[in-house]
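Step one of this worksheet: look at the structure below.
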Amino acid sequence: MTIDGKTRVCGLMGDPVEHTLSPIIHNTIAEHMGHNLVYVPFHVKKGQVGDAVKGAYELNVLGMNATVPHKSDVIPFLKEIDPLAENIGAVNTLVRIDGGYKGYNTDMTGLGRAMEKEGVNIAGKDVILLGAGGAARAVAFLMADRKADTIFILNRTYEKAKEVADEVALKTGARIIPMPMSDYEKLPLKKFVCVQSTSVGLHPNDEDVILDDPAFYQQLEVGIDLIYKPAETKFLQLCRKNGANGFNGLKMLLYQGVVAYELWNDVSVGDELCKAVERKLIEAQ
Ligand code: NAP
């Protein structure tokens with residue numbers, strides 16, 4: 001691309017930041033849409049995110065992403081915050097507004113978009129969340145926001161599942177049932193959408209899986225694994241073997257970027273372009 005006097009800058013604040021795939025997403029979209037925009041990584045140390053946000057605004061930076069360790073720390077430095085991001089307590093996208101930035105959680109709205117694109121409608125559905133860590137907690141808020149009927153949170157450590165269930169139920173009014181992972185056979189006999197949000201099966205432990213009973217997978221209509229390395233986790237293999245559709249966390253990564261790009265530029269990114277970006281992400285892994 002040609003950088004000139006009108007080039008707009010977007011970027012990612014993180015520590016570390018060198019491993020990021022986000023420049024691939026944004027620079028590919030900008031190039032294809034003919035936007036004069038460049039996306040760069042910014043190494044911002046813990047404790048410095050407030051200065052970084054102030055500096056970015058004064059430098060006329062159009063939009064920012066925030067990653068570890070800044071997703072919660074950035075919140076006090078925002079001018080406004082989207083209600084879903086506020087509930088979750090984590091922001092990964094900053095959109096320039098008058099006088100500062102508005103924070104969003106496009107990790108979750110991106111996962112929501114990925115589900116829509118895959119034909120998964122959460123409204124009125126029963127959902128199983130496997131895990132109760134940071135990712136699962138955010139997904140629980142998304143499922144509540146998308147009006148799931150009942151959300152079952154299964155976790156190895158029951159107390160953590162209960163903590164997340166209580167918090168999300170209190171803030172959203174959703175019906176959430178925490179369970180120990182070992183009680184999975186006590187789930188009601190019906191079909192579920194299941195989001196695998198534990199770190200079990202993450203590369204290099206490709207052969208691990210959180211549950212290996214085929215009977216569990218026979219109750220799934222759709223299985224979504226937040227892990228994207230390996231691309232086909234044991235969890236996804238078991239879903240497919242037992243008749244459930246599935247997709248991995250690369251779509252969440254893709255659409256968190258797509259939704260951020262749309263917010264920054266007030267555009268809509270088409271399906272063909274999303275597919276082209278997804279292919280580039282797969283190549284880059
Ligand atoms: P986290 O806060 O550390 O939570 C880890 C979860 O995994 C907890 O529920 C933990 O259960 C469970 N777990 C870990 N080892 C286990 C084992 N041996 N047996 C049973 N359960 C186990 O991690 P996180 O930030 O939520 O991330 C979870 C996963 O989501 C990771 O694989 C991460 O790569 C993925 N992720 C993907 C994206 C994306 O863009 N696609 C974004 C964020 C996260 P206990 O509570 O019992 O310890």
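Chains: A, B, ... in order of the structure tokens. Residues: from 1 per chain. Ligands: from 1, in order shown.
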
Could you give me the residues within 8 Å of ligand 1, counting only C-alpha atoms and all ligand atoms, as a PDB file with all heavy atoms, in the first residue's frame?
```
ATOM      1  N   ASP A 107     -14.628  -9.589  20.838  1.00  0.00           N
ATOM      2  CA  ASP A 107     -14.367 -11.037  20.977  1.00  0.00           C
ATOM      3  C   ASP A 107     -15.712 -11.751  21.038  1.00  0.00           C
ATOM      4  O   ASP A 107     -15.911 -12.792  20.418  1.00  0.00           O
ATOM      5  CB  ASP A 107     -13.603 -11.337  22.277  1.00  0.00           C
ATOM      6  CG  ASP A 107     -12.147 -10.918  22.213  1.00  0.00           C
ATOM      7  OD1 ASP A 107     -11.570 -10.937  21.111  1.00  0.00           O
ATOM      8  OD2 ASP A 107     -11.585 -10.558  23.270  1.00  0.00           O
ATOM      9  N   LEU A 130     -18.610 -25.569  28.369  1.00  0.00           N
ATOM     10  CA  LEU A 130     -17.618 -26.404  29.049  1.00  0.00           C
ATOM     11  C   LEU A 130     -16.495 -25.474  29.475  1.00  0.00           C
ATOM     12  O   LEU A 130     -15.829 -24.868  28.632  1.00  0.00           O
ATOM     13  CB  LEU A 130     -17.102 -27.491  28.102  1.00  0.00           C
ATOM     14  CG  LEU A 130     -18.168 -28.463  27.578  1.00  0.00           C
ATOM     15  CD1 LEU A 130     -17.556 -29.433  26.556  1.00  0.00           C
ATOM     16  CD2 LEU A 130     -18.804 -29.237  28.729  1.00  0.00           C
ATOM     17  N   GLY A 131     -16.290 -25.326  30.784  1.00  0.00           N
ATOM     18  CA  GLY A 131     -15.261 -24.429  31.310  1.00  0.00           C
ATOM     19  C   GLY A 131     -15.884 -23.254  32.026  1.00  0.00           C
ATOM     20  O   GLY A 131     -17.069 -22.927  31.807  1.00  0.00           O
ATOM     21  N   ALA A 132     -15.089 -22.649  32.918  1.00  0.00           N
ATOM     22  CA  ALA A 132     -15.584 -21.482  33.651  1.00  0.00           C
ATOM     23  C   ALA A 132     -14.453 -20.468  33.857  1.00  0.00           C
ATOM     24  O   ALA A 132     -14.434 -19.732  34.834  1.00  0.00           O
ATOM     25  CB  ALA A 132     -16.167 -21.917  34.999  1.00  0.00           C
ATOM     26  N   GLY A 133     -13.508 -20.451  32.910  1.00  0.00           N
ATOM     27  CA  GLY A 133     -12.421 -19.474  32.970  1.00  0.00           C
ATOM     28  C   GLY A 133     -12.859 -18.164  32.324  1.00  0.00           C
ATOM     29  O   GLY A 133     -14.054 -17.925  32.108  1.00  0.00           O
ATOM     30  N   GLY A 134     -11.883 -17.321  31.991  1.00  0.00           N
ATOM     31  CA  GLY A 134     -12.176 -15.998  31.429  1.00  0.00           C
ATOM     32  C   GLY A 134     -12.989 -16.073  30.150  1.00  0.00           C
ATOM     33  O   GLY A 134     -13.952 -15.316  29.969  1.00  0.00           O
ATOM     34  N   ALA A 135     -12.638 -17.007  29.264  1.00  0.00           N
ATOM     35  CA  ALA A 135     -13.334 -17.105  27.977  1.00  0.00           C
ATOM     36  C   ALA A 135     -14.776 -17.579  28.195  1.00  0.00           C
ATOM     37  O   ALA A 135     -15.722 -17.006  27.642  1.00  0.00           O
ATOM     38  CB  ALA A 135     -12.593 -18.054  27.047  1.00  0.00           C
ATOM     39  N   ALA A 136     -14.945 -18.607  29.028  1.00  0.00           N
ATOM     40  CA  ALA A 136     -16.290 -19.157  29.272  1.00  0.00           C
ATOM     41  C   ALA A 136     -17.202 -18.098  29.899  1.00  0.00           C
ATOM     42  O   ALA A 136     -18.383 -17.983  29.545  1.00  0.00           O
ATOM     43  CB  ALA A 136     -16.195 -20.368  30.194  1.00  0.00           C
ATOM     44  N   ARG A 137     -16.661 -17.328  30.824  1.00  0.00           N
ATOM     45  CA  ARG A 137     -17.445 -16.284  31.495  1.00  0.00           C
ATOM     46  C   ARG A 137     -17.972 -15.280  30.456  1.00  0.00           C
ATOM     47  O   ARG A 137     -19.152 -14.912  30.463  1.00  0.00           O
ATOM     48  CB  ARG A 137     -16.555 -15.597  32.530  1.00  0.00           C
ATOM     49  CG  ARG A 137     -17.240 -14.542  33.335  1.00  0.00           C
ATOM     50  CD  ARG A 137     -16.270 -13.950  34.359  1.00  0.00           C
ATOM     51  NE  ARG A 137     -16.763 -12.664  34.794  1.00  0.00           N
ATOM     52  CZ  ARG A 137     -16.591 -11.529  34.123  1.00  0.00           C
ATOM     53  NH1 ARG A 137     -15.923 -11.537  32.984  1.00  0.00           N
ATOM     54  NH2 ARG A 137     -17.101 -10.401  34.570  1.00  0.00           N
ATOM     55  N   ASN A 155     -17.893 -27.377  34.764  1.00  0.00           N
ATOM     56  CA  ASN A 155     -16.469 -27.122  34.960  1.00  0.00           C
ATOM     57  C   ASN A 155     -15.880 -28.144  35.918  1.00  0.00           C
ATOM     58  O   ASN A 155     -16.562 -28.637  36.810  1.00  0.00           O
ATOM     59  CB  ASN A 155     -16.268 -25.709  35.523  1.00  0.00           C
ATOM     60  CG  ASN A 155     -14.840 -25.237  35.375  1.00  0.00           C
ATOM     61  OD1 ASN A 155     -14.230 -25.425  34.320  1.00  0.00           O
ATOM     62  ND2 ASN A 155     -14.278 -24.633  36.417  1.00  0.00           N
ATOM     63  N   ARG A 156     -14.586 -28.440  35.705  1.00  0.00           N
ATOM     64  CA  ARG A 156     -13.874 -29.357  36.616  1.00  0.00           C
ATOM     65  C   ARG A 156     -14.013 -28.852  38.057  1.00  0.00           C
ATOM     66  O   ARG A 156     -14.350 -29.599  38.948  1.00  0.00           O
ATOM     67  CB  ARG A 156     -12.396 -29.423  36.190  1.00  0.00           C
ATOM     68  CG  ARG A 156     -11.520 -30.194  37.131  1.00  0.00           C
ATOM     69  CD  ARG A 156     -10.102 -30.229  36.640  1.00  0.00           C
ATOM     70  NE  ARG A 156      -9.481 -28.906  36.558  1.00  0.00           N
ATOM     71  CZ  ARG A 156      -8.241 -28.687  36.186  1.00  0.00           C
ATOM     72  NH1 ARG A 156      -7.463 -29.691  35.823  1.00  0.00           N
ATOM     73  NH2 ARG A 156      -7.745 -27.467  36.142  1.00  0.00           N
ATOM     74  N   THR A 157     -13.754 -27.552  38.248  1.00  0.00           N
ATOM     75  CA  THR A 157     -13.882 -26.967  39.589  1.00  0.00           C
ATOM     76  C   THR A 157     -15.277 -26.356  39.697  1.00  0.00           C
ATOM     77  O   THR A 157     -15.554 -25.284  39.130  1.00  0.00           O
ATOM     78  CB  THR A 157     -12.802 -25.870  39.792  1.00  0.00           C
ATOM     79  OG1 THR A 157     -11.545 -26.400  39.371  1.00  0.00           O
ATOM     80  CG2 THR A 157     -12.734 -25.405  41.228  1.00  0.00           C
ATOM     81  N   TYR A 158     -16.158 -27.051  40.415  1.00  0.00           N
ATOM     82  CA  TYR A 158     -17.568 -26.641  40.473  1.00  0.00           C
ATOM     83  C   TYR A 158     -17.723 -25.208  40.999  1.00  0.00           C
ATOM     84  O   TYR A 158     -18.535 -24.433  40.490  1.00  0.00           O
ATOM     85  CB  TYR A 158     -18.355 -27.624  41.351  1.00  0.00           C
ATOM     86  CG  TYR A 158     -19.746 -27.130  41.649  1.00  0.00           C
ATOM     87  CD1 TYR A 158     -20.726 -27.160  40.658  1.00  0.00           C
ATOM     88  CD2 TYR A 158     -20.061 -26.584  42.898  1.00  0.00           C
ATOM     89  CE1 TYR A 158     -21.995 -26.668  40.911  1.00  0.00           C
ATOM     90  CE2 TYR A 158     -21.335 -26.093  43.157  1.00  0.00           C
ATOM     91  CZ  TYR A 158     -22.290 -26.134  42.158  1.00  0.00           C
ATOM     92  OH  TYR A 158     -23.535 -25.642  42.393  1.00  0.00           O
ATOM     93  N   LYS A 160     -16.025 -22.606  40.666  1.00  0.00           N
ATOM     94  CA  LYS A 160     -15.830 -21.558  39.655  1.00  0.00           C
ATOM     95  C   LYS A 160     -17.046 -21.465  38.739  1.00  0.00           C
ATOM     96  O   LYS A 160     -17.459 -20.378  38.339  1.00  0.00           O
ATOM     97  CB  LYS A 160     -14.572 -21.855  38.826  1.00  0.00           C
ATOM     98  CG  LYS A 160     -13.303 -21.462  39.522  1.00  0.00           C
ATOM     99  CD  LYS A 160     -12.205 -21.295  38.468  1.00  0.00           C
ATOM    100  CE  LYS A 160     -10.859 -21.691  39.028  1.00  0.00           C
ATOM    101  NZ  LYS A 160      -9.879 -21.938  37.955  1.00  0.00           N
ATOM    102  N   ALA A 161     -17.622 -22.624  38.396  1.00  0.00           N
ATOM    103  CA  ALA A 161     -18.835 -22.628  37.559  1.00  0.00           C
ATOM    104  C   ALA A 161     -19.950 -21.888  38.290  1.00  0.00           C
ATOM    105  O   ALA A 161     -20.697 -21.097  37.695  1.00  0.00           O
ATOM    106  CB  ALA A 161     -19.253 -24.064  37.246  1.00  0.00           C
ATOM    107  N   MET A 181     -18.156 -30.953  36.040  1.00  0.00           N
ATOM    108  CA  MET A 181     -18.000 -31.609  34.736  1.00  0.00           C
ATOM    109  C   MET A 181     -18.393 -33.084  34.812  1.00  0.00           C
ATOM    110  O   MET A 181     -19.019 -33.624  33.892  1.00  0.00           O
ATOM    111  CB  MET A 181     -16.535 -31.475  34.298  1.00  0.00           C
ATOM    112  CG  MET A 181     -16.254 -31.906  32.895  1.00  0.00           C
ATOM    113  SD  MET A 181     -16.962 -30.808  31.653  1.00  0.00           S
ATOM    114  CE  MET A 181     -15.902 -29.381  31.777  1.00  0.00           C
ATOM    115  N   GLN A 196     -17.059 -25.234  23.716  1.00  0.00           N
ATOM    116  CA  GLN A 196     -15.923 -25.804  24.435  1.00  0.00           C
ATOM    117  C   GLN A 196     -14.982 -24.644  24.768  1.00  0.00           C
ATOM    118  O   GLN A 196     -14.294 -24.112  23.908  1.00  0.00           O
ATOM    119  CB  GLN A 196     -15.247 -26.837  23.530  1.00  0.00           C
ATOM    120  CG  GLN A 196     -14.328 -27.827  24.187  1.00  0.00           C
ATOM    121  CD  GLN A 196     -13.195 -27.245  24.997  1.00  0.00           C
ATOM    122  OE1 GLN A 196     -13.235 -27.258  26.246  1.00  0.00           O
ATOM    123  NE2 GLN A 196     -12.186 -26.725  24.347  1.00  0.00           N
ATOM    124  N   SER A 197     -14.961 -24.247  26.043  1.00  0.00           N
ATOM    125  CA  SER A 197     -14.186 -23.062  26.442  1.00  0.00           C
ATOM    126  C   SER A 197     -13.090 -23.410  27.449  1.00  0.00           C
ATOM    127  O   SER A 197     -12.613 -22.522  28.147  1.00  0.00           O
ATOM    128  CB  SER A 197     -15.093 -22.014  27.075  1.00  0.00           C
ATOM    129  OG  SER A 197     -16.356 -21.998  26.511  1.00  0.00           O
ATOM    130  N   THR A 198     -12.724 -24.686  27.555  1.00  0.00           N
ATOM    131  CA  THR A 198     -11.572 -25.006  28.405  1.00  0.00           C
ATOM    132  C   THR A 198     -10.320 -24.974  27.532  1.00  0.00           C
ATOM    133  O   THR A 198     -10.394 -24.885  26.306  1.00  0.00           O
ATOM    134  CB  THR A 198     -11.681 -26.414  29.043  1.00  0.00           C
ATOM    135  OG1 THR A 198     -11.393 -27.409  28.054  1.00  0.00           O
ATOM    136  CG2 THR A 198     -13.064 -26.671  29.626  1.00  0.00           C
ATOM    137  N   SER A 199      -9.161 -25.078  28.191  1.00  0.00           N
ATOM    138  CA  SER A 199      -7.913 -25.110  27.424  1.00  0.00           C
ATOM    139  C   SER A 199      -7.478 -26.541  27.118  1.00  0.00           C
ATOM    140  O   SER A 199      -6.392 -26.766  26.596  1.00  0.00           O
ATOM    141  CB  SER A 199      -6.823 -24.357  28.191  1.00  0.00           C
ATOM    142  OG  SER A 199      -6.891 -24.675  29.561  1.00  0.00           O
ATOM    143  N   VAL A 200      -8.360 -27.512  27.394  1.00  0.00           N
ATOM    144  CA  VAL A 200      -8.019 -28.922  27.145  1.00  0.00           C
ATOM    145  C   VAL A 200      -8.105 -29.211  25.641  1.00  0.00           C
ATOM    146  O   VAL A 200      -9.123 -28.946  25.009  1.00  0.00           O
ATOM    147  CB  VAL A 200      -8.967 -29.865  27.923  1.00  0.00           C
ATOM    148  CG1 VAL A 200      -8.614 -31.327  27.654  1.00  0.00           C
ATOM    149  CG2 VAL A 200      -8.901 -29.567  29.417  1.00  0.00           C
ATOM    150  N   GLY A 201      -6.984 -29.752  25.100  1.00  0.00           N
ATOM    151  CA  GLY A 201      -6.931 -30.043  23.665  1.00  0.00           C
ATOM    152  C   GLY A 201      -6.128 -29.029  22.877  1.00  0.00           C
ATOM    153  O   GLY A 201      -5.930 -29.175  21.668  1.00  0.00           O
ATOM    154  N   LEU A 202      -5.662 -27.995  23.604  1.00  0.00           N
ATOM    155  CA  LEU A 202      -4.852 -26.949  22.963  1.00  0.00           C
ATOM    156  C   LEU A 202      -3.490 -27.541  22.586  1.00  0.00           C
ATOM    157  O   LEU A 202      -2.912 -28.298  23.359  1.00  0.00           O
ATOM    158  CB  LEU A 202      -4.687 -25.801  23.978  1.00  0.00           C
ATOM    159  CG  LEU A 202      -4.067 -24.484  23.535  1.00  0.00           C
ATOM    160  CD1 LEU A 202      -4.907 -23.823  22.450  1.00  0.00           C
ATOM    161  CD2 LEU A 202      -3.963 -23.528  24.740  1.00  0.00           C
ATOM    162  N   ILE A 210     -11.934 -32.799  26.751  1.00  0.00           N
ATOM    163  CA  ILE A 210     -12.538 -32.587  28.065  1.00  0.00           C
ATOM    164  C   ILE A 210     -13.522 -33.704  28.437  1.00  0.00           C
ATOM    165  O   ILE A 210     -13.577 -34.127  29.580  1.00  0.00           O
ATOM    166  CB  ILE A 210     -13.180 -31.170  28.137  1.00  0.00           C
ATOM    167  CG1 ILE A 210     -13.666 -30.854  29.530  1.00  0.00           C
ATOM    168  CG2 ILE A 210     -14.267 -30.961  27.111  1.00  0.00           C
ATOM    169  CD1 ILE A 210     -12.602 -30.538  30.508  1.00  0.00           C
ATOM    170  N   ASP A 225     -15.602 -25.031  19.272  1.00  0.00           N
ATOM    171  CA  ASP A 225     -14.405 -25.084  20.114  1.00  0.00           C
ATOM    172  C   ASP A 225     -13.691 -23.752  19.999  1.00  0.00           C
ATOM    173  O   ASP A 225     -13.367 -23.316  18.891  1.00  0.00           O
ATOM    174  CB  ASP A 225     -13.487 -26.232  19.649  1.00  0.00           C
ATOM    175  CG  ASP A 225     -12.516 -26.630  20.733  1.00  0.00           C
ATOM    176  OD1 ASP A 225     -12.157 -25.758  21.563  1.00  0.00           O
ATOM    177  OD2 ASP A 225     -12.119 -27.810  20.775  1.00  0.00           O
ATOM    178  N   LEU A 226     -13.456 -23.093  21.128  1.00  0.00           N
ATOM    179  CA  LEU A 226     -12.759 -21.792  21.070  1.00  0.00           C
ATOM    180  C   LEU A 226     -11.300 -21.951  20.670  1.00  0.00           C
ATOM    181  O   LEU A 226     -10.652 -21.009  20.257  1.00  0.00           O
ATOM    182  CB  LEU A 226     -12.854 -21.072  22.422  1.00  0.00           C
ATOM    183  CG  LEU A 226     -14.244 -20.659  22.891  1.00  0.00           C
ATOM    184  CD1 LEU A 226     -14.140 -19.704  24.073  1.00  0.00           C
ATOM    185  CD2 LEU A 226     -15.058 -20.007  21.788  1.00  0.00           C
ATOM    186  N   ILE A 227     -10.796 -23.173  20.791  1.00  0.00           N
ATOM    187  CA  ILE A 227      -9.403 -23.438  20.389  1.00  0.00           C
ATOM    188  C   ILE A 227      -9.326 -23.439  18.864  1.00  0.00           C
ATOM    189  O   ILE A 227     -10.232 -23.941  18.197  1.00  0.00           O
ATOM    190  CB  ILE A 227      -8.957 -24.814  20.948  1.00  0.00           C
ATOM    191  CG1 ILE A 227      -8.874 -24.737  22.478  1.00  0.00           C
ATOM    192  CG2 ILE A 227      -7.631 -25.256  20.342  1.00  0.00           C
ATOM    193  CD1 ILE A 227      -8.594 -26.073  23.155  1.00  0.00           C
ATOM    194  N   TYR A 228      -8.246 -22.858  18.302  1.00  0.00           N
ATOM    195  CA  TYR A 228      -8.073 -22.954  16.838  1.00  0.00           C
ATOM    196  C   TYR A 228      -6.755 -23.598  16.449  1.00  0.00           C
ATOM    197  O   TYR A 228      -6.463 -23.740  15.264  1.00  0.00           O
ATOM    198  CB  TYR A 228      -8.274 -21.615  16.129  1.00  0.00           C
ATOM    199  CG  TYR A 228      -7.418 -20.478  16.611  1.00  0.00           C
ATOM    200  CD1 TYR A 228      -6.134 -20.291  16.129  1.00  0.00           C
ATOM    201  CD2 TYR A 228      -7.920 -19.554  17.517  1.00  0.00           C
ATOM    202  CE1 TYR A 228      -5.368 -19.231  16.556  1.00  0.00           C
ATOM    203  CE2 TYR A 228      -7.157 -18.483  17.948  1.00  0.00           C
ATOM    204  CZ  TYR A 228      -5.879 -18.334  17.462  1.00  0.00           C
ATOM    205  OH  TYR A 228      -5.122 -17.274  17.899  1.00  0.00           O
ATOM    206  N   ASN A 248     -14.301 -24.075  14.677  1.00  0.00           N
ATOM    207  CA  ASN A 248     -13.292 -23.786  15.699  1.00  0.00           C
ATOM    208  C   ASN A 248     -13.155 -22.278  15.973  1.00  0.00           C
ATOM    209  O   ASN A 248     -13.863 -21.460  15.392  1.00  0.00           O
ATOM    210  CB  ASN A 248     -11.943 -24.418  15.316  1.00  0.00           C
ATOM    211  CG  ASN A 248     -11.292 -23.723  14.139  1.00  0.00           C
ATOM    212  OD1 ASN A 248     -11.616 -22.583  13.808  1.00  0.00           O
ATOM    213  ND2 ASN A 248     -10.364 -24.407  13.512  1.00  0.00           N
ATOM    214  N   GLY A 249     -12.230 -21.944  16.878  1.00  0.00           N
ATOM    215  CA  GLY A 249     -12.085 -20.567  17.361  1.00  0.00           C
ATOM    216  C   GLY A 249     -11.487 -19.592  16.364  1.00  0.00           C
ATOM    217  O   GLY A 249     -11.421 -18.392  16.650  1.00  0.00           O
ATOM    218  N   LEU A 250     -11.077 -20.104  15.195  1.00  0.00           N
ATOM    219  CA  LEU A 250     -10.517 -19.170  14.208  1.00  0.00           C
ATOM    220  C   LEU A 250     -11.581 -18.206  13.706  1.00  0.00           C
ATOM    221  O   LEU A 250     -11.292 -17.051  13.393  1.00  0.00           O
ATOM    222  CB  LEU A 250      -9.905 -19.945  13.038  1.00  0.00           C
ATOM    223  CG  LEU A 250      -8.938 -19.114  12.198  1.00  0.00           C
ATOM    224  CD1 LEU A 250      -7.618 -18.913  12.933  1.00  0.00           C
ATOM    225  CD2 LEU A 250      -8.668 -19.757  10.852  1.00  0.00           C
ATOM    226  N   LYS A 251     -12.812 -18.658  13.660  1.00  0.00           N
ATOM    227  CA  LYS A 251     -13.900 -17.784  13.202  1.00  0.00           C
ATOM    228  C   LYS A 251     -14.154 -16.680  14.233  1.00  0.00           C
ATOM    229  O   LYS A 251     -14.495 -15.555  13.872  1.00  0.00           O
ATOM    230  CB  LYS A 251     -15.177 -18.580  12.957  1.00  0.00           C
ATOM    231  CG  LYS A 251     -15.062 -19.449  11.726  1.00  0.00           C
ATOM    232  CD  LYS A 251     -16.403 -19.851  11.184  1.00  0.00           C
ATOM    233  CE  LYS A 251     -16.253 -20.926  10.138  1.00  0.00           C
ATOM    234  NZ  LYS A 251     -15.636 -20.466   8.903  1.00  0.00           N
ATOM    235  N   MET A 252     -13.965 -17.003  15.510  1.00  0.00           N
ATOM    236  CA  MET A 252     -14.112 -15.984  16.550  1.00  0.00           C
ATOM    237  C   MET A 252     -13.021 -14.926  16.378  1.00  0.00           C
ATOM    238  O   MET A 252     -13.287 -13.720  16.431  1.00  0.00           O
ATOM    239  CB  MET A 252     -14.004 -16.663  17.915  1.00  0.00           C
ATOM    240  CG  MET A 252     -13.963 -15.737  19.088  1.00  0.00           C
ATOM    241  SD  MET A 252     -14.015 -16.725  20.611  1.00  0.00           S
ATOM    242  CE  MET A 252     -13.323 -15.567  21.768  1.00  0.00           C
ATOM    243  N   LEU A 253     -11.803 -15.402  16.127  1.00  0.00           N
ATOM    244  CA  LEU A 253     -10.676 -14.482  15.905  1.00  0.00           C
ATOM    245  C   LEU A 253     -10.945 -13.610  14.669  1.00  0.00           C
ATOM    246  O   LEU A 253     -10.778 -12.389  14.698  1.00  0.00           O
ATOM    247  CB  LEU A 253      -9.391 -15.303  15.716  1.00  0.00           C
ATOM    248  CG  LEU A 253      -8.139 -14.514  15.390  1.00  0.00           C
ATOM    249  CD1 LEU A 253      -7.662 -13.758  16.619  1.00  0.00           C
ATOM    250  CD2 LEU A 253      -7.026 -15.452  14.906  1.00  0.00           C
ATOM    251  N   GLN A 256     -13.945 -11.145  15.388  1.00  0.00           N
ATOM    252  CA  GLN A 256     -13.685 -10.041  16.321  1.00  0.00           C
ATOM    253  C   GLN A 256     -12.996  -8.918  15.553  1.00  0.00           C
ATOM    254  O   GLN A 256     -13.222  -7.740  15.813  1.00  0.00           O
ATOM    255  CB  GLN A 256     -12.914 -10.473  17.578  1.00  0.00           C
ATOM    256  CG  GLN A 256     -11.477 -10.991  17.394  1.00  0.00           C
ATOM    257  CD  GLN A 256     -10.434  -9.934  17.073  1.00  0.00           C
ATOM    258  OE1 GLN A 256     -10.561  -8.793  17.488  1.00  0.00           O
ATOM    259  NE2 GLN A 256      -9.422 -10.314  16.308  1.00  0.00           N
TER     260      GLN A 256
END
```

Counting only C-alpha atoms, what is within 12 Å of A:Leu220, bar same-chain residues fewer than 2 positions away, as a PDB file with C-alpha atoms, in the first residue's frame?
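After the write, result37.pdb holds the following:
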```pdb
ATOM      1  CA  LYS A 125     -31.858 -22.731  22.725  1.00  0.00           C
ATOM      2  CA  ASP A 126     -30.317 -24.640  25.611  1.00  0.00           C
ATOM      3  CA  VAL A 127     -26.576 -24.121  25.733  1.00  0.00           C
ATOM      4  CA  ILE A 128     -23.747 -26.036  27.394  1.00  0.00           C
ATOM      5  CA  LEU A 129     -20.574 -24.169  28.277  1.00  0.00           C
ATOM      6  CA  LEU A 187     -27.970 -33.062  31.769  1.00  0.00           C
ATOM      7  CA  PRO A 188     -31.580 -33.166  30.527  1.00  0.00           C
ATOM      8  CA  LEU A 189     -32.104 -35.430  27.552  1.00  0.00           C
ATOM      9  CA  LYS A 190     -32.389 -32.933  24.707  1.00  0.00           C
ATOM     10  CA  LYS A 191     -30.269 -31.261  22.023  1.00  0.00           C
ATOM     11  CA  PHE A 192     -27.791 -28.518  22.899  1.00  0.00           C
ATOM     12  CA  VAL A 193     -25.471 -25.952  21.390  1.00  0.00           C
ATOM     13  CA  CYS A 194     -22.139 -26.540  23.143  1.00  0.00           C
ATOM     14  CA  VAL A 195     -19.200 -24.143  23.430  1.00  0.00           C
ATOM     15  CA  GLN A 196     -15.923 -25.804  24.435  1.00  0.00           C
ATOM     16  CA  PRO A 214     -19.952 -40.466  22.613  1.00  0.00           C
ATOM     17  CA  ALA A 215     -23.318 -40.273  24.427  1.00  0.00           C
ATOM     18  CA  PHE A 216     -22.515 -36.689  25.417  1.00  0.00           C
ATOM     19  CA  TYR A 217     -21.802 -35.698  21.811  1.00  0.00           C
ATOM     20  CA  GLN A 218     -25.003 -37.368  20.581  1.00  0.00           C
ATOM     21  CA  VAL A 222     -23.617 -27.827  17.211  1.00  0.00           C
ATOM     22  CA  GLY A 223     -20.207 -27.861  18.887  1.00  0.00           C
ATOM     23  CA  ILE A 224     -17.990 -24.795  18.900  1.00  0.00           C
ATOM     24  CA  PHE A 235     -13.676 -32.258  20.667  1.00  0.00           C
ATOM     25  CA  LEU A 236     -14.623 -31.259  17.099  1.00  0.00           C
ATOM     26  CA  LEU A 238     -16.139 -36.265  18.398  1.00  0.00           C
ATOM     27  CA  CYS A 239     -18.869 -33.754  17.502  1.00  0.00           C
ATOM     28  CA  ARG A 240     -18.706 -34.695  13.821  1.00  0.00           C
ATOM     29  CA  LYS A 241     -18.447 -38.429  14.510  1.00  0.00           C
ATOM     30  CA  ASN A 242     -21.660 -38.228  16.537  1.00  0.00           C
ATOM     31  CA  GLY A 243     -23.691 -36.140  14.121  1.00  0.00           C
ATOM     32  CA  ALA A 244     -23.121 -32.562  15.328  1.00  0.00           C
ATOM     33  CA  ASN A 245     -21.906 -29.690  13.173  1.00  0.00           C
ATOM     34  CA  GLY A 246     -18.988 -27.679  14.468  1.00  0.00           C
TER      35      GLY A 246
END
```

Residues flagged strand (DSSP E or B) by DSSP in stretch 18-238 of chain A, as an NGL selection string: :A and (37-43 or 63-66 or 80-81 or 93-97 or 100-104 or 127-130 or 150-155 or 175-180 or 192-196 or 220-225)

Atom pair atom CA of A:His32 / atom CA of A:Leu111: separation (Å):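 Here the two named atoms are 23.0 Å from each other.
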
Alpha helix (DSSP H) positions in stretch 117-266 of chain A, given as a PyMOL selection string: chain A and resi 117+134-145+158-172+214-218+234-241+250-265

Can you build me a table of stretch 128-241 of chain A residues sitting at most 10 Å from stretch 64-86 of chain A, with the closest atom pair per residue and its distance in Å to one decimal, using only C-alpha atoms, sorted by chain and residue number, as CSV?
```
residue,atom,partner,partner_atom,distance
A:Ala138,CA,A:Ala85,CA,8.9
A:Phe141,CA,A:Leu84,CA,7.4
A:Leu142,CA,A:Leu84,CA,7.7
A:Asp145,CA,A:Leu84,CA,7.7
A:Thr172,CA,A:Leu84,CA,10.0
```

Spatial neighbours of A:Gly110, max dist 10 Å, only C-alpha atoms, sep filter under 4 positions, as an NGL selection string: :A and (105-106 or 114-116 or 251-260)
